[in-house]
Structure formats: C-alpha cells, structure tokens
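Please read the structure below before turning to the comments.
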Amino acid sequence: MADASLPGAGGGGAAAAPVTPGPAKGPGAGPRRSIMGTPPWVAALFLLPALVLLGALVVYPIVFTVHRSLYDADGSGFVGLKNFGTVFTDHGILTAVRNNAIWVVVAPTVATALGLVFAVLTERVRWGTAFKLIVFMPMAISMLAAGIIFRLVYDQDPSRGVANAVVVAVHDTFSSDAAYPGARPRPNSDLAPTAGGSYTSKSTASVGTPADLPLVGIPQNKVPAGAQQAKPAATSPDAVTGTVWLDFRPGGTGKPGVIDPGEKALSGVKVQAVKDGKVVASAKSGKDGTYRLPASAAGAQLRLPASNFAEKYNGINWLGPNLVTPSIIASYIWMWAGFAMVLIAAGLAGVPRELLEQARVDGANEWHVFRRITVPLLAPVLVVVMVTLMINVLKIFDLVYIIAPGQTQENANVLALQLYLSSFGGGNNQGVGSAIGVILLLLVLPVMIVNIRRLRREGRR
C-alpha cells in the first residue's frame, strides 16, 4: 500500500509544491569573456605596450605642444594666445600659410589627375606593367634624395641642370645666340654706344673706302676655335665694304685700328646701314671678318645691333622667387603620381567591364565612357588618394628645405619648414613654433575626420 504522505501518492493528499530549478551551470556562467573565451584583462595586457607607445609618441607630444604654445620664447612666461597672433601677423609666416594653401590645392589635384590618366591609359597598352613600374619607381626614393636630384635638375647652368639644358636647346633651335657677348669698341673710337645696347658709327659710309669696325673686350679663350686671321676688305666702286675683327694681339703689341698679324676675324657679326633711323641694308661678316653692303648704304651710318653682344641665353631661373614653389611642387608630383596611379589602377580593376562595354554598344565614345562611368565608379578611390595626398602635403618639409636656395627659401616657405625655422633654425622661439604645430594639427584633423567617417560608411555597406 502506498504511503499517502509521499508526494504524488494517491489518497487525496495535498498537492506537491512546484520545484524552481536553480541557475544553469555552464561555460558562460562565469566571469565575462570575449568571443574567443579570453578575459578582457588579458586583451588589455597585450594592448598595454601599444597604448604606452601611443601615449608617449602621440598624446604626450600633442598635449605638450598645446601647452608650450601658450608660453613665450624660453617658456618662462605665460602669454596666452599671443603666439597665435604672431603667426597671423608675421609676413614670413603668412607667406608660408599662402604657400601651404597652394600646395593643398595644386599638388594633390594634379598628382591624382595624372595617376588617373596613367591608370586608364596603361590598361590599353601591352607594356602597361613596365610603364607603371617606371612611374612608381620614384616612390622608392626618399624625399632627401629627391630634393638633391631636383636641386641639380633646376640648376641655372645648362651644362649641369637638365631642365635648362632642354630649354636652352629648344631656344637655340629657333633663335640664334649673340655672336660675341661682352664685345665693345675702343673708347673714343668711331663707334659710339646707342640706345638698346647697340653701337653706331659717328661717320657715314662711302663706296670705295673700307669702313672697318674694330672691337675689343673679348677674352682670348672666348674667341671661337678656328677663327681666321682678319683680312682687309677689298674696295669696290658699287658696294660699301669693311672688316670686323678683334683689335687685340696676344702680348698687346698691335696698333689700335690697324689689322695686325695675329688679330682674329669676328665672323657672323651683323652690320646694319641706318639712314634717318631706318635700316636700309644689312649684312653679316664672313669667316675672314669682311662684310659687303650694297651701294644704297653709301651715306648711311653703320650700326652693330645689340643682338651681337647680348649675354648668352642660359634658360629659366627655376628656383627664382616667382617659380620656386611651382618647381618644388613639380618634383613632388614626380614622386607621388606613381602612388596615385597604383591605387587608382587597383580600383579600376574592380570596375565591371560589362558596364563599359554596354556603354560602347549604346554609342558612347571613349570620352563619355571615361567621364560618365569610369570616373563616377572610381570616386571612392579618388577621394582616398586626394585625402592621403592632402595630409601629406600639409606636412611637406624635406623638398622645400633642400631644393629652395637660401635667397629664395622665404618665397618657398611652408608651415612645416617655418615651424623648424622658428623653433630651431635661428628663430629660437619655441612658443611660436609650437603655435604653428597646433595650427598644422587643426588643419589635418578635419581631413582625418572626413576620412575616418568615409571608412566607417564603407565598412557598414
């Protein structure tokens, strides 16, 4: 017989109370752990070295720079925002701000545009990989080495500077140089200086009487190799003749105004016959120095135009006050266009070819395909390249410091260089230098924030 007192036994006993199960025991019931089962303190322990380095190399310098910008040159006196006022009133620093604005607008835009063009065009040639390698190769060169290279490229002397060697070669192809730069007549001679650097005879020419034009002022080592002995001009009843020569014999034993043995002919000198201010005839001296003008030149004054004596064309002053900043930007683009090309080419590889082919089938030409399809699809990549280069140029220092010569460094100045000059390069005012550093940080932060937000949006897609 069953015991009625036992739970669940028959006999009308009281119903058993429900039993509440206790908390389940399992692997997740202990302290909070990560997905991999690692306690958070272990992760923090591994992150600690990186956090210490980040604090020592990034956070502390930023905080110290902001603090230092509020003190005077030697850091002993609190000046508040006075250093920032100096930044925006000093002429040299304002030049640096203006140049930084030019850098931010021009350099990233041109480098990105060239990278886009290179990336698109190299897809259509068989040797595209080799071309990309050549364009990207300058990225392997440090800013210091690139600065030294372009300092030589922009050298004023065409025999050393590649840029001016090319410019002079093109110039000389279409325009002849002066025959004898620096040449001049003897003092108190028949030739007298006239307007524009030319020399004109005081007397008038006549047929049958040679009108000799002696010159001096040409060093013996500047006389063209192979110059012949000067010869007296033959008289002619229907022409004006004469000789142009270097009226100086080595040793100084010659007689002025007389063609002595050993005196060299000056060939290629232009001689003009001038009447009433108008050129009525012209000729050039031959290899023996003689020239011949028609009889119509009789009664005219003889003029040697300034083109015979102008200094030799030496090219463009690339590192002068007006061109130094564009020249340095060009060297930066030479280095970073390859970087832009590689990133854009990687993005271009992901563009669906079906869209491009469909557009061509629908009648779009290559320009429309590029502008309406390729560029819009590459917009995210182009933004990445632009933002990266903008951050990079805000910190530009090496190229400007190395390429710009001392006399034009002020014209090429940028904020990073001015920070160095104000703090350590002679200014000895670390308060102003710290203020410039804070301004650079404030300029970089918006660009970084935009980039981070864009990356987060990309990650949520």
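A note on labels: chains of the structure tokens are A, B, ... as shown, every chain counts residues from 1, and ligands are counted from 1 in their shown order.
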
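Shell of stretch 405-412 of chain A at 8 Å, with only C-alpha atoms counted and residues fewer than 2 places along the chain excluded, is Gly92, Thr95, Ala96, Asn99, Leu319, Gly320, Pro321, Asn322, Val324, Thr325, Val400, Tyr401, Ile402, Ile403 and Val414 of chain A.
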
Test item: residues at most 12 Å from stretch 147-155 of chain A, only C-alpha atoms, excluding those fewer than 5 positions along its chain, as a ChimeraX atom specification: /A:138,141-142,160-167,314-320,323-324,326-332,334-335,396-405

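Each of A:Thr209, A:Glu263, A:Arg460, A:Thr290 was checked against A:Val244 using only C-alpha atoms; the smallest atom-to-atom distance is that of A:Thr290.
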
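Among the candidates A:Arg371, A:Arg292, A:Lys284, A:Lys132, the residue lying nearest to A:Gly208 is A:Arg292 (atoms considered: only C-alpha atoms).
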
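Among the candidates A:Leu116, A:Val52, A:Val450, A:Ala192, the one nearest to A:Phe370 when counting only C-alpha atoms is A:Leu116.
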
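One distance worth recording is that between atom CA of A:Ala56 and atom CA of A:Val387, which is 26.5 Å.
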
DSSP alpha helix (DSSP H) residues within stretch 34-241 of chain A, listed as a PyMOL selection string: chain A and resi 40-54+60-68+82-87+91-121+128-136+143-153+162-174

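Atom pair atom CA of A:Val170 / atom CA of A:Lys312: separated by 13.9 Å.
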